[in-house]
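Source file: coords-v6.csv (CSV, C-alpha atoms)
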```csv
chain,number,residue,atom,x,y,z
H,290,MET,CA,1.1,-2.4,-8.9
H,291,SER,CA,2.8,-5.2,-10.8
H,292,ASP,CA,4.1,-3.1,-13.8
H,293,ILE,CA,5.3,-0.2,-11.7
H,294,ASP,CA,8.8,0.0,-10.2
H,295,TRP,CA,8.1,1.3,-6.7
H,296,GLY,CA,11.7,2.4,-6.4
H,297,GLN,CA,11.1,5.2,-8.9
H,298,GLY,CA,10.3,8.7,-7.8
H,299,THR,CA,10.0,9.6,-4.1
H,300,TYR,CA,7.8,7.0,-2.5
H,301,GLU,CA,9.2,8.1,0.8
H,302,THR,CA,6.6,11.0,0.9
H,303,THR,CA,3.7,8.6,0.6
H,304,ALA,CA,5.3,6.2,3.1
H,305,ALA,CA,5.4,9.0,5.6
H,306,ASP,CA,1.7,9.6,5.1
H,307,LEU,CA,1.0,5.9,5.8
H,308,ARG,CA,2.9,5.7,9.1
H,309,PRO,CA,-0.2,6.1,11.3
H,310,ALA,CA,-1.8,3.2,9.5
H,311,ALA,CA,1.4,1.2,10.0
H,312,ARG,CA,1.2,1.9,13.8
H,313,GLU,CA,-2.4,0.7,13.9
H,314,LEU,CA,-1.5,-2.5,11.9
H,315,VAL,CA,1.4,-3.4,14.2
H,316,LYS,CA,-0.7,-2.6,17.3
H,317,ALA,CA,-3.5,-4.9,16.1
H,318,ALA,CA,-1.1,-7.7,15.5
H,319,ARG,CA,-0.2,-8.0,19.2
H,320,ILE,CA,3.3,-9.1,18.4
H,321,GLN,CA,5.2,-10.9,21.0
H,322,PRO,CA,9.0,-10.8,21.6
H,323,GLY,CA,10.7,-13.5,19.6
H,324,GLU,CA,8.0,-13.9,17.0
H,325,HIS,CA,9.0,-14.1,13.4
H,326,VAL,CA,7.2,-11.2,11.6
H,327,LEU,CA,7.0,-10.9,7.8
H,328,ASP,CA,6.3,-7.5,6.2
H,329,VAL,CA,5.1,-8.0,2.6
H,330,GLY,CA,5.6,-5.1,0.2
H,331,ALA,CA,7.6,-3.4,2.9
H,332,GLY,CA,8.2,-0.1,1.1
H,333,THR,CA,10.5,2.0,3.2
H,334,GLY,CA,10.0,-0.3,6.2
H,335,ASN,CA,7.4,1.4,8.3
H,336,VAL,CA,5.9,-1.8,9.6
H,337,ALA,CA,9.1,-3.8,9.7
H,338,LEU,CA,10.9,-1.2,11.8
H,339,LEU,CA,8.0,-0.9,14.3
H,340,ALA,CA,7.8,-4.7,14.7
H,341,THR,CA,11.5,-4.8,15.6
H,342,GLU,CA,10.8,-2.4,18.4
H,343,LEU,CA,8.5,-5.0,20.0
H,344,GLY,CA,11.3,-7.6,20.0
H,345,ALA,CA,10.3,-9.5,16.9
H,346,ARG,CA,12.6,-11.1,14.4
H,347,VAL,CA,11.5,-9.4,11.2
H,348,THR,CA,11.8,-10.2,7.5
H,349,ALA,CA,10.9,-7.4,5.1
H,350,VAL,CA,10.0,-8.5,1.5
H,351,GLU,CA,10.2,-5.8,-1.1
H,352,PRO,CA,10.6,-6.1,-4.9
H,353,ALA,CA,12.0,-2.6,-5.5
H,354,ALA,CA,15.8,-2.6,-5.1
H,355,ARG,CA,16.1,1.0,-4.1
H,356,LEU,CA,13.5,0.6,-1.3
H,357,ARG,CA,15.3,-2.5,-0.1
H,358,GLU,CA,18.4,-0.3,0.3
H,359,VAL,CA,16.4,2.4,2.2
H,360,ILE,CA,15.2,-0.2,4.6
H,361,ALA,CA,18.6,-1.7,5.1
H,362,GLU,CA,20.2,1.7,5.8
H,363,THR,CA,17.5,2.6,8.3
H,364,ALA,CA,17.5,-0.8,10.1
H,365,GLY,CA,21.0,-0.5,11.4
H,366,ALA,CA,21.6,-3.2,14.0
H,367,ARG,CA,18.0,-4.2,14.4
H,368,ASP,CA,17.0,-7.8,13.9
H,369,LEU,CA,15.6,-7.1,10.4
H,370,THR,CA,16.4,-9.0,7.2
H,371,VAL,CA,15.5,-7.4,3.9
H,372,VAL,CA,14.9,-9.7,0.9
H,373,ASP,CA,13.8,-9.5,-2.7
H,374,GLY,CA,10.4,-11.0,-3.3
H,375,THR,CA,6.8,-10.5,-3.9
H,376,ALA,CA,3.5,-11.5,-2.2
H,377,ALA,CA,3.3,-14.6,-4.5
H,378,ASP,CA,7.1,-15.4,-4.3
H,379,ILE,CA,8.4,-15.2,-0.7
H,380,PRO,CA,11.9,-16.7,-0.2
H,381,LEU,CA,11.1,-18.3,3.2
H,382,PRO,CA,10.6,-21.9,4.2
H,383,ASP,CA,7.1,-23.4,4.8
H,384,GLY,CA,5.7,-22.7,8.2
H,385,SER,CA,8.4,-20.3,9.3
H,386,VAL,CA,6.4,-17.1,10.1
H,387,ASP,CA,4.2,-16.2,13.1
H,388,VAL,CA,2.7,-13.0,11.8
H,389,VAL,CA,2.3,-11.7,8.3
H,390,LEU,CA,1.7,-7.9,7.9
H,391,SER,CA,1.1,-5.8,4.8
H,392,ASN,CA,0.4,-2.1,4.9
H,393,PHE,CA,-1.3,-1.2,1.5
H,394,GLY,CA,1.1,-3.6,-0.2
H,395,ILE,CA,-0.4,-7.0,-1.0
H,396,ILE,CA,-3.5,-5.1,-2.4
H,397,PHE,CA,-1.4,-4.6,-5.6
H,398,ALA,CA,-0.6,-8.3,-6.1
H,399,PRO,CA,-1.5,-9.2,-9.7
H,400,ASP,CA,-2.7,-12.7,-8.6
H,401,PRO,CA,-4.5,-12.4,-5.3
H,402,ALA,CA,-5.1,-16.2,-5.0
H,403,ALA,CA,-1.4,-16.9,-5.5
H,404,ALA,CA,-0.5,-14.3,-2.9
H,405,ALA,CA,-3.0,-15.7,-0.4
H,406,ALA,CA,-1.6,-19.2,-0.9
H,407,GLU,CA,2.0,-18.0,-0.5
H,408,LEU,CA,1.1,-16.2,2.8
H,409,ALA,CA,-0.6,-19.4,4.0
H,410,ARG,CA,2.5,-21.5,3.0
H,411,VAL,CA,5.0,-19.5,4.9
H,412,GLY,CA,2.8,-19.1,8.0
H,413,LYS,CA,2.9,-21.5,11.0
H,414,PRO,CA,-0.2,-23.5,11.8
H,415,ALA,CA,-1.4,-20.8,14.2
H,416,SER,CA,-0.1,-17.8,12.2
H,417,ARG,CA,-2.1,-14.6,11.7
H,418,ILE,CA,-2.3,-12.3,8.7
H,419,LEU,CA,-3.1,-8.6,9.0
H,420,LEU,CA,-3.4,-6.2,6.1
H,421,THR,CA,-4.7,-2.8,5.2
H,422,SER,CA,-6.6,-1.7,2.1
H,423,TRP,CA,-8.3,1.5,0.9
H,424,LEU,CA,-12.0,1.7,1.1
H,425,PRO,CA,-13.9,3.3,-1.8
H,426,GLY,CA,-13.8,7.0,-1.6
H,427,VAL,CA,-10.9,9.5,-1.5
H,428,MET,CA,-8.0,7.5,-2.8
H,429,GLY,CA,-10.1,5.6,-5.3
H,430,LYS,CA,-11.5,8.8,-6.8
H,431,LEU,CA,-8.1,10.4,-7.1
H,432,VAL,CA,-6.3,7.4,-8.6
H,433,GLU,CA,-9.2,6.8,-11.0
H,434,ILE,CA,-8.7,10.2,-12.6
H,435,ILE,CA,-5.3,9.0,-13.7
H,436,ALA,CA,-6.0,5.3,-14.2
H,437,GLY,CA,-9.2,5.9,-16.1
H,438,THR,CA,-7.4,8.2,-18.6
H,439,VAL,CA,-4.6,5.6,-18.9
H,440,ARG,CA,-7.2,3.0,-19.9
H,441,GLU,CA,-8.7,5.4,-22.5
H,442,VAL,CA,-5.2,6.0,-24.0
H,443,THR,CA,-4.0,2.4,-24.0
H,444,GLY,CA,-7.2,0.4,-24.2
H,445,ARG,CA,-6.0,-1.7,-21.4
H,446,GLY,CA,-7.1,-2.2,-17.8
H,447,ASN,CA,-5.6,-0.5,-14.7
H,448,PRO,CA,-1.8,-0.5,-14.6
H,449,GLY,CA,-1.3,-3.4,-12.3
H,450,GLY,CA,-4.7,-3.0,-10.7
H,451,PRO,CA,-6.0,-5.4,-8.1
H,452,GLY,CA,-7.8,-8.6,-9.1
H,453,ILE,CA,-10.2,-8.5,-6.2
H,454,ASP,CA,-11.9,-5.9,-3.9
H,455,TRP,CA,-9.4,-6.1,-1.0
H,456,HIS,CA,-11.7,-3.8,1.0
H,457,ASP,CA,-14.6,-6.4,0.8
H,458,LEU,CA,-14.8,-8.7,3.8
H,459,ASN,CA,-16.6,-11.4,1.8
H,460,ALA,CA,-13.9,-11.3,-0.9
H,461,LEU,CA,-11.2,-11.6,1.7
H,462,SER,CA,-13.0,-14.5,3.3
H,463,ALA,CA,-13.3,-16.3,0.0
H,464,LEU,CA,-9.6,-15.7,-0.6
H,465,PHE,CA,-8.3,-17.0,2.7
H,466,SER,CA,-10.8,-19.5,3.9
H,467,PRO,CA,-9.5,-22.3,1.6
H,468,HIS,CA,-6.3,-22.0,3.7
H,469,GLY,CA,-8.1,-22.4,7.0
H,470,PHE,CA,-8.3,-18.7,7.9
H,471,GLU,CA,-11.2,-16.8,9.4
H,472,VAL,CA,-11.2,-13.1,8.5
H,473,THR,CA,-12.5,-10.2,10.5
H,474,ALA,CA,-12.1,-6.5,9.8
H,475,THR,CA,-12.5,-3.0,11.2
H,476,THR,CA,-12.7,0.4,9.4
H,477,LEU,CA,-10.2,3.2,10.3
H,478,GLU,CA,-9.4,6.6,8.9
H,479,LEU,CA,-6.1,8.1,7.9
H,480,ALA,CA,-5.9,11.9,7.7
H,481,ILE,CA,-3.5,13.3,5.0
H,482,THR,CA,-2.8,17.0,4.9
H,483,THR,CA,-0.9,19.2,2.5
H,484,ALA,CA,-0.4,22.9,2.0
H,485,SER,CA,-2.4,23.1,-1.3
H,486,ALA,CA,-3.9,21.0,-4.1
H,487,GLU,CA,-0.9,21.7,-6.3
H,488,ASP,CA,1.4,20.6,-3.5
H,489,TYR,CA,-0.6,17.3,-3.2
H,490,TRP,CA,-0.3,16.8,-7.0
H,491,GLU,CA,3.4,17.4,-7.0
H,492,THR,CA,4.4,15.5,-3.9
H,493,ARG,CA,1.9,12.6,-3.8
H,494,PHE,CA,1.3,11.9,-7.5
H,495,ALA,CA,3.8,13.5,-9.9
H,496,ASN,CA,6.7,12.2,-8.0
H,497,HIS,CA,5.0,9.0,-6.9
H,498,PRO,CA,6.0,5.8,-8.7
H,499,LEU,CA,2.5,5.8,-10.3
H,500,GLY,CA,3.0,9.2,-11.7
H,501,VAL,CA,6.6,8.6,-12.8
H,502,THR,CA,5.3,5.6,-14.7
H,503,THR,CA,2.1,7.0,-16.3
H,504,PHE,CA,2.6,10.7,-16.7
H,505,PRO,CA,5.0,10.4,-19.7
H,506,LEU,CA,2.4,8.3,-21.4
H,507,LEU,CA,-0.3,10.8,-20.7
H,508,GLN,CA,2.0,13.6,-21.8
H,509,ARG,CA,2.6,11.9,-25.2
H,510,ALA,CA,-1.1,11.4,-25.6
H,511,GLY,CA,-1.8,15.1,-25.0
H,512,ARG,CA,-3.9,14.3,-21.9
H,513,LEU,CA,-1.7,15.2,-18.9
H,514,ASP,CA,-2.8,18.9,-18.6
H,515,GLU,CA,-6.4,17.8,-18.7
H,516,VAL,CA,-5.8,15.1,-16.0
H,517,HIS,CA,-3.9,17.7,-13.9
H,518,GLN,CA,-6.8,20.2,-14.0
H,519,ARG,CA,-9.4,17.5,-13.2
H,520,PHE,CA,-7.3,16.4,-10.3
H,521,LEU,CA,-6.9,19.8,-8.8
H,522,GLN,CA,-10.6,20.6,-9.3
H,523,THR,CA,-11.6,17.3,-7.6
H,524,LEU,CA,-9.4,18.3,-4.6
H,525,ALA,CA,-10.9,21.8,-4.6
H,526,ASP,CA,-14.5,20.6,-4.7
H,527,ASN,CA,-14.2,18.0,-2.0
H,528,TRP,CA,-11.2,18.3,0.3
H,529,THR,CA,-9.8,21.8,0.3
H,530,THR,CA,-10.3,24.2,3.1
H,531,PRO,CA,-11.0,28.0,2.7
H,532,SER,CA,-7.4,28.6,3.4
H,533,GLY,CA,-6.4,26.4,0.5
H,534,GLN,CA,-5.1,23.5,2.6
H,535,VAL,CA,-5.9,20.0,1.4
H,536,GLN,CA,-7.3,17.6,4.1
H,537,LEU,CA,-8.1,14.1,3.0
H,538,PRO,CA,-10.1,11.8,5.3
H,539,ALA,CA,-9.0,8.5,3.7
H,540,GLN,CA,-10.8,5.5,5.1
H,541,TYR,CA,-9.3,2.1,5.1
H,542,LEU,CA,-9.9,-1.5,6.1
H,543,LEU,CA,-7.7,-3.3,8.6
H,544,ALA,CA,-8.4,-7.0,8.1
H,545,THR,CA,-7.2,-9.9,10.3
H,546,ALA,CA,-7.1,-13.5,9.2
H,547,VAL,CA,-6.4,-16.2,11.9
H,548,ARG,CA,-6.5,-20.0,11.9
```
Could you spell out this file's structure in C-alpha cells?
Amino acid sequence: MSDIDWGQGTYETTAADLRPAARELVKAARIQPGEHVLDVGAGTGNVALLATELGARVTAVEPAARLREVIAETAGARDLTVVDGTAADIPLPDGSVDVVLSNFGIIFAPDPAAAAAELARVGKPASRILLTSWLPGVMGKLVEIIAGTVREVTGRGNPGGPGIDWHDLNALSALFSPHGFEVTATTLELAITTASAEDYWETRFANHPLGVTTFPLLQRAGRLDEVHQRFLQTLADNWTTPSGQVQLPAQYLLATAVR
C-alpha cells in the first residue's frame, strides 16, 4: 500500500505465512541457473532467497529500509543484491532481467499501468513475469473491516488500495498485453493457522504495517474497539474451529505473463 511504511511493526509474521506461496511462485517460474531474477516488493526476501538456491542472480527491490536490512542480513554470501525502489521505479537497465517475480507485492502499486510498463522495460525480450494476488474471500473480508471503517472516518478511499482487480485475468491481460505479454493463471490456496482469533488479530493485524498505520486513527475516532469486535466475530463465525483455533483457507491467483 503506497501510504504505508512496510518496515513498521512486525511484517515478518505475515511473511512467514506467505512462504508456501513464495515456494509455489518460484517453482512455477522454472528458474534456470545464471538467470537474472527480480523480486518486486521483496518484503523479508522469501522469493529472492529461494531463487538464489536455484543458481539465479537475484535483485530484490524493496522500498522499506528496515526490510532491506532484513534481506541483506539473511542473504549472507548469496548472489543477491538488495536495492531501494518500487514497482514503478526499478533501478535497473532496460532489458536486463530474465524473470520478474512478485509475491503479493505489486498488487499494492498505486499506479498499476506504470508498474506494468516498468516490469516490461526491465525485462528481456523473452522475459516472464509471475505474480500472486488474493482472490475475493477471506483476506478481502478481513481487510475490509478495517479499510471500510477508515474510509468512513476519513472520507477517502482505501489506504493505498489497488487500482485494478489483480485477481482478474481479464484485467491482467489488459494491463500487460500492450507490452507484448500473454497472461495465464491458476488458482491456489494458502492455509493460515493461529491459536485463536485474538492471536490472529494481535499478530497479523495489530502489529502488521496496516494496523500500525491505521489503528491510531481508528482509536482517535473512537472506532477501534468496534472494529476489533467485528473482526473477532467474523473469524468466529467463519474460520474458527470448536477448539478455538483459527484456520483460514485463503485462495490466491498465480498469474504468469510471457512474451
Counting all atoms listed in the file, find the residues whose atoms lie at most 10 Å from (-11.8, 0.6, 6.4) (file coordinates) and write them out as a PDB file with C-alpha atoms, in the coordinates of the input.
```
ATOM      1  CA  THR H 421      -4.700  -2.800   5.200  1.00  0.00           C
ATOM      2  CA  SER H 422      -6.600  -1.700   2.100  1.00  0.00           C
ATOM      3  CA  TRP H 423      -8.300   1.500   0.900  1.00  0.00           C
ATOM      4  CA  LEU H 424     -12.000   1.700   1.100  1.00  0.00           C
ATOM      5  CA  PRO H 425     -13.900   3.300  -1.800  1.00  0.00           C
ATOM      6  CA  HIS H 456     -11.700  -3.800   1.000  1.00  0.00           C
ATOM      7  CA  ASP H 457     -14.600  -6.400   0.800  1.00  0.00           C
ATOM      8  CA  ALA H 474     -12.100  -6.500   9.800  1.00  0.00           C
ATOM      9  CA  THR H 475     -12.500  -3.000  11.200  1.00  0.00           C
ATOM     10  CA  THR H 476     -12.700   0.400   9.400  1.00  0.00           C
ATOM     11  CA  LEU H 477     -10.200   3.200  10.300  1.00  0.00           C
ATOM     12  CA  GLU H 478      -9.400   6.600   8.900  1.00  0.00           C
ATOM     13  CA  LEU H 479      -6.100   8.100   7.900  1.00  0.00           C
ATOM     14  CA  ALA H 539      -9.000   8.500   3.700  1.00  0.00           C
ATOM     15  CA  GLN H 540     -10.800   5.500   5.100  1.00  0.00           C
ATOM     16  CA  TYR H 541      -9.300   2.100   5.100  1.00  0.00           C
ATOM     17  CA  LEU H 542      -9.900  -1.500   6.100  1.00  0.00           C
ATOM     18  CA  LEU H 543      -7.700  -3.300   8.600  1.00  0.00           C
ATOM     19  CA  ALA H 544      -8.400  -7.000   8.100  1.00  0.00           C
TER      20      ALA H 544
END
```
* Exercise: segment 527-529 of chain H partners within 12 Å, only C-alpha atoms, chain neighbours under 4 positions left out, as a VMD selection string -> chain H and resid 426 to 428 430 to 431 480 to 489 520 to 523 533 to 539
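When only C-alpha atoms are used to measure the gap to Glu324 of chain H, the shortest distance among H:Val389, H:Val501, H:Val359, H:Ala510 belongs to H:Val389.
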* Best match for closeness to Ala436 of chain H among H:Leu506, H:Ala349, H:Val411, H:Ala337, counting all atoms listed in the file -> H:Leu506
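Note that the spacing between atom CA of Asn335 of chain H and atom CA of Ile293 of chain H amounts to 20.2 Å.
Rounded to one decimal, atom CA of Ser385 of chain H and atom CA of Thr370 of chain H lie 14.0 Å from each other.
You can rank H:Ala318, H:Ala406, H:Leu343, H:Ala353 by their closest distance to Asp387 of chain H using all atoms listed in the file, and at the top of that list sits H:Ala318.
Residue nearest Ala305 of chain H, chosen from H:Arg410, H:Arg355, H:Arg440, H:Arg493 and counting all atoms listed in the file: H:Arg493.
Reported to one decimal place, the separation of atom CA of Val336 of chain H from atom CA of Leu314 of chain H is 7.8 Å.
Distances here use only C-alpha atoms; by that measure, the residue among H:Gly374, H:Ile435, H:Ala546, H:Trp490 closest to Gly412 of chain H is H:Ala546.
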* Asked: Do you know which residues are at most 9 Å from Thr363 of chain H counting only C-alpha atoms, after dropping those on the same chain fewer than 5 positions away, and could you put them as JSON, numbers by chain?
  -> {"H": [333, 334, 338, 358]}
Could you turn the residues from that selection into a file that holds C-alpha atoms, as a compact mmCIF listing (two decimals), in the coordinates of the input?
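Result file result10.txt:
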```txt
# COMPACT_ATOMS: atom_id res chain seq x y z
CA THR H 333 10.50 2.00 3.20
CA GLY H 334 10.00 -0.30 6.20
CA LEU H 338 10.90 -1.20 11.80
CA GLU H 358 18.40 -0.30 0.30
```
